[in-house]
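Pasting run-v9.cif here (mmCIF, C-alpha atoms):
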data_structure
#
loop_
_atom_site.label_atom_id
_atom_site.label_comp_id
_atom_site.auth_asym_id
_atom_site.auth_seq_id
_atom_site.Cartn_x
_atom_site.Cartn_y
_atom_site.Cartn_z
CA MET A 30 -10.42 -13.54 -18.26
CA GLN A 31 -10.81 -11.33 -15.16
CA THR A 32 -12.89 -14.01 -13.42
CA GLU A 33 -10.24 -16.59 -14.30
CA ILE A 34 -7.55 -14.33 -12.79
CA ASP A 35 -9.61 -13.86 -9.62
CA ASN A 36 -10.12 -17.64 -9.36
CA LEU A 37 -6.40 -18.31 -9.79
CA ILE A 38 -5.55 -15.81 -7.04
CA ASP A 39 -8.14 -17.42 -4.77
CA ASN A 40 -6.64 -20.88 -5.43
CA ILE A 41 -3.14 -19.61 -4.59
CA ASN A 42 -4.43 -18.11 -1.32
CA GLN A 43 -6.38 -21.26 -0.41
CA THR A 44 -3.30 -23.42 -0.96
CA LEU A 45 -1.28 -21.26 1.45
CA ASN A 46 -4.11 -21.37 3.99
CA LYS A 47 -4.37 -25.16 3.77
CA ASN A 48 -0.62 -25.45 4.32
CA LEU A 49 -0.61 -23.16 7.36
CA ASP A 50 -3.99 -22.69 9.05
CA PHE A 51 -4.62 -25.06 11.97
CA TYR A 52 -1.32 -26.86 11.44
CA THR A 53 0.17 -27.42 14.89
CA THR A 54 3.66 -28.52 15.86
CA THR A 55 5.89 -29.05 18.87
CA ASP A 56 8.86 -27.34 17.19
CA ASP A 57 10.90 -24.51 18.67
CA ILE A 58 9.93 -20.96 17.60
CA SER A 59 13.01 -20.64 15.36
CA ILE A 60 12.07 -23.85 13.52
CA ILE A 61 8.49 -22.59 13.22
CA GLU A 62 9.80 -19.40 11.61
CA ASN A 63 12.06 -21.33 9.20
CA ASN A 64 9.17 -23.62 8.19
CA LEU A 65 6.99 -20.54 7.66
CA LYS A 66 9.60 -19.07 5.32
CA VAL A 67 9.71 -22.32 3.31
CA LYS A 68 5.92 -22.26 2.86
CA LEU A 69 6.00 -18.58 1.91
CA LYS A 70 8.69 -19.21 -0.71
CA GLN A 71 6.33 -21.77 -2.28
CA TYR A 72 3.60 -19.12 -2.22
CA VAL A 73 5.88 -16.57 -3.95
CA LYS A 74 6.74 -19.21 -6.58
CA ALA A 75 3.02 -19.86 -7.19
CA ILE A 76 2.45 -16.12 -7.65
CA GLU A 77 5.34 -15.93 -10.14
CA GLN A 78 3.89 -18.86 -12.12
CA PHE A 79 0.52 -17.09 -12.06
CA ARG A 80 2.07 -13.86 -13.43
CA ILE A 81 3.79 -15.78 -16.22
CA LYS A 82 0.51 -17.49 -17.12
CA VAL A 83 -1.38 -14.16 -17.21
CA ASP A 84 1.37 -12.51 -19.28
CA PHE A 85 1.56 -15.46 -21.67
CA ASN A 86 -2.21 -15.63 -22.22
CA SER A 87 -2.66 -11.87 -22.66
CA LYS A 88 -2.15 -10.01 -25.90
CA SER A 89 -0.22 -6.77 -25.36
CA LYS A 90 -3.24 -4.54 -26.17
CA LYS A 91 -5.69 -6.56 -24.09
CA ARG A 92 -3.28 -6.97 -21.20
CA LYS A 93 -4.10 -3.52 -19.89
CA MET A 94 -7.72 -4.60 -19.49
CA PHE A 95 -6.83 -7.19 -16.85
CA HIS A 96 -6.21 -5.92 -13.38
CA ILE A 97 -4.33 -7.90 -10.76
CA ASP A 98 -5.34 -6.51 -7.37
CA TYR A 99 -2.42 -7.39 -5.13
CA ASP A 100 -4.56 -6.61 -2.08
CA THR A 101 -6.44 -9.85 -2.81
CA PHE A 102 -3.34 -11.89 -1.98
CA THR A 103 -2.88 -12.93 1.64
CA ALA A 104 -1.56 -9.90 3.54
CA CYS A 105 0.16 -11.51 6.52
CA ALA A 106 1.43 -14.85 7.81
CA ILE A 107 2.93 -15.60 11.21
CA GLY A 108 3.96 -18.45 13.47
CA ALA A 109 3.28 -18.70 17.21
CA LYS A 110 4.28 -20.84 20.18
CA TYR A 111 2.68 -21.42 23.58
CA LEU A 112 4.35 -23.80 26.03
CA THR A 113 4.72 -27.00 23.96
CA THR A 114 2.47 -26.19 21.00
CA GLY A 115 3.20 -24.07 17.94
CA ALA A 116 1.02 -23.08 15.01
CA TYR A 117 0.77 -20.85 11.96
CA GLY A 118 -1.83 -18.38 10.82
CA THR A 119 -2.69 -16.24 7.82
CA SER A 120 -4.78 -13.11 7.53
CA HIS A 121 -6.93 -14.56 4.76
CA GLY A 122 -10.57 -14.98 5.81
CA TYR A 123 -12.17 -15.32 9.23
CA LEU A 124 -12.59 -18.10 11.78
CA LEU A 125 -15.95 -19.81 12.05
CA ASN A 126 -16.31 -19.80 15.84
CA TYR A 127 -14.34 -17.39 18.04
CA GLY A 128 -16.52 -18.28 21.04
CA LYS A 129 -14.58 -21.47 21.75
CA PHE A 130 -11.59 -19.36 22.82
CA ILE A 131 -13.04 -17.00 25.43
CA PRO A 132 -9.85 -15.06 26.40
CA LEU A 133 -9.29 -14.19 22.72
CA LEU A 134 -12.95 -13.40 22.07
CA ASN A 135 -13.04 -11.04 25.08
CA GLN A 136 -9.95 -9.16 23.85
CA LEU A 137 -11.33 -8.89 20.32
CA LYS A 138 -14.65 -7.54 21.60
CA LYS A 139 -12.76 -4.77 23.43
CA ILE A 140 -11.50 -3.37 20.12
CA GLY A 141 -14.70 -3.78 18.11
CA GLN A 142 -17.09 -6.09 16.32
CA ILE A 143 -15.61 -9.09 14.52
CA GLY A 144 -15.53 -8.45 10.79
CA ARG A 145 -15.50 -4.66 11.13
CA ARG A 146 -12.65 -2.20 11.55
CA SER A 147 -11.50 -1.71 15.13
CA HIS A 148 -12.84 1.28 17.09
CA LYS A 149 -10.84 4.43 16.44
CA ASN A 150 -11.23 5.54 20.06
CA ILE A 151 -9.40 2.37 21.21
CA ILE A 152 -6.94 1.62 18.40
CA LYS A 153 -4.83 4.59 17.39
CA GLY A 154 -3.35 4.84 13.91
CA LYS A 155 -4.15 2.28 11.23
CA ARG A 156 -7.09 0.06 12.16
CA ASN A 157 -7.60 -3.41 10.71
CA TYR A 158 -10.58 -5.72 10.61
CA VAL A 159 -11.20 -7.35 13.98
CA GLY A 160 -10.57 -11.09 14.00
CA LYS A 161 -8.93 -11.38 10.60
CA CYS A 162 -5.29 -11.27 11.68
CA ALA A 163 -2.80 -14.10 11.32
CA GLU A 164 -2.00 -13.90 15.06
CA VAL A 165 -5.65 -14.59 15.87
CA LYS A 166 -5.69 -17.73 13.73
CA ALA A 167 -2.35 -19.03 15.02
CA SER A 168 -3.41 -18.57 18.66
CA TYR A 169 -6.79 -20.18 17.95
CA ALA A 170 -5.06 -23.24 16.45
CA ILE A 171 -2.80 -23.53 19.50
CA ASN A 172 -5.75 -23.18 21.86
CA ARG A 173 -7.43 -26.18 20.21
CA LYS A 174 -4.48 -28.33 21.38
CA GLU A 175 -3.38 -26.58 24.55
CA ARG A 176 -5.65 -24.16 26.45
CA ILE A 177 -4.13 -20.68 26.52
CA LYS A 178 -4.73 -18.94 29.82
CA ASN A 179 -2.85 -15.71 29.16
CA LEU A 180 -2.55 -14.29 25.63
CA SER A 181 0.57 -12.33 26.55
CA ASN A 182 2.43 -15.64 27.08
CA LEU A 183 2.27 -16.39 23.36
CA GLU A 184 5.55 -16.13 21.48
CA PHE A 185 5.36 -15.01 17.83
CA THR A 186 7.71 -15.22 14.88
CA ASN A 187 8.22 -12.18 12.70
CA ALA A 188 5.15 -11.27 10.68
CA TYR A 189 5.63 -11.63 6.91
CA ARG A 190 3.98 -10.22 3.80
CA PRO A 191 3.61 -13.55 1.95
CA ARG A 192 3.74 -12.25 -1.62
CA THR A 193 7.07 -10.44 -1.04
CA MET A 194 8.62 -12.33 1.93
CA GLN A 195 9.05 -8.89 3.52
CA THR A 196 9.08 -8.72 7.33
CA ILE A 197 6.25 -6.41 8.39
CA LYS A 198 5.27 -4.64 11.58
CA ARG A 199 2.48 -6.31 13.56
CA CYS A 200 -0.78 -4.38 13.32
CA ASN A 201 -2.16 -2.15 16.06
CA ASN A 202 -5.04 -4.56 16.71
CA CYS A 203 -2.66 -7.42 17.49
CA VAL A 204 -0.35 -5.29 19.61
CA TYR A 205 -3.43 -4.36 21.70
CA VAL A 206 -4.79 -7.95 21.90
CA PHE A 207 -1.53 -9.89 22.39
CA GLY A 208 0.89 -7.24 23.61
CA ASN A 209 3.94 -5.92 21.82
CA ILE A 210 5.74 -9.26 21.63
#
Rewritten as structure tokens:
Amino acid sequence: MQTEIDNLIDNINQTLNKNLDFYTTTDDISIIENNLKVKLKQYVKAIEQFRIKVDFNSKSKKRKMFHIDYDTFTACAIGAKYLTTGAYGTSHGYLLNYGKFIPLLNQLKKIGQIGRRSHKNIIKGKRNYVGKCAEVKASYAINRKERIKNLSNLEFTNAYRPRTMQTIKRCNNCVYVFGNI
């Protein structure tokens, strides 16, 4: 049953990623944020259906044996806009090739190795995994359509915790890479 639960969580995350990652638009930043909220509400609904299914299929004594690790759900989603192109990103997984977007790659290398926590001598406070952030994926998607020359010219929506729809503070890595936008 635990493997089934893990697979269901992975499917929920993948559905959100397919709906957001590399989706580009010409919409205004406020429309991008509203569309993001709509997609996140669908994600929350999928999580609720998942919880009902787990509760329904579990006997009360066995239920304690199954652990739902909420850290396995997507941690952050965000929208971004640069000139005429907007995009979305999630913090689930990594990109395949950061090298195609040199300004971003150079900034990421300053804070550490991709896939590892940022250097504590550069990033103060809580350090995240380099290259995994939603802002990185949104900017990468935009750069595929419209070359970004200056990362600080990106405009971001609020960052959201997808499973709760809570607005969250942008991480220290992203504030360093993109500026405190």
- Query: Neighbours of range 53-65 of chain A within 10 Å (all atoms listed in the file; same-chain residues fewer than 2 positions away dropped), as a ChimeraX atom specification?
  - Reply: /A:48-51,67-70,106-118,167,170-171,173-174,184-189,191
- On this structure, which residues satisfy the PyMOL selection byres ((chain A and resi 120-131) around 8), written as a list in words?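 After applying the PyMOL selection byres ((chain A and resi 120-131) around 8), what remains is Asn42, Asn46, Thr103, Ala104, Cys105, Ala106, Gly118, Thr119, Pro132, Leu133, Leu134, Asn135, Gly144, Gly160, Lys161, Cys162, Ala163, Lys166, Tyr169 and Asn172 of chain A.
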- Residues returned when the PyMOL selection byres ((chain A and resi 153) around 12) runs on this file, as a PyMOL selection string: chain A and resi 140+146-152+154-157+200-202+204-205
- What is the CA of Phe79 in chain A-CA of Ile38 in chain A distance in Å, reported with one decimal? 8.0 Å
- Distance of CA of Phe102 in chain A from CA of Arg190 in chain A, expressed in Å to one decimal place: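 Straight-line distance from CA of Arg190 in chain A to CA of Phe102 in chain A works out to 9.5 Å.
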- Kindly indicate which residue among A:Asn209, A:Thr196, A:Gln142, A:Asn36 lies nearest to Ser181 in chain A, using all atoms listed in the file for the distances. A:Asn209
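We find CA of Tyr72 in chain A and CA of Lys47 in chain A to be spaced 11.7 Å apart.
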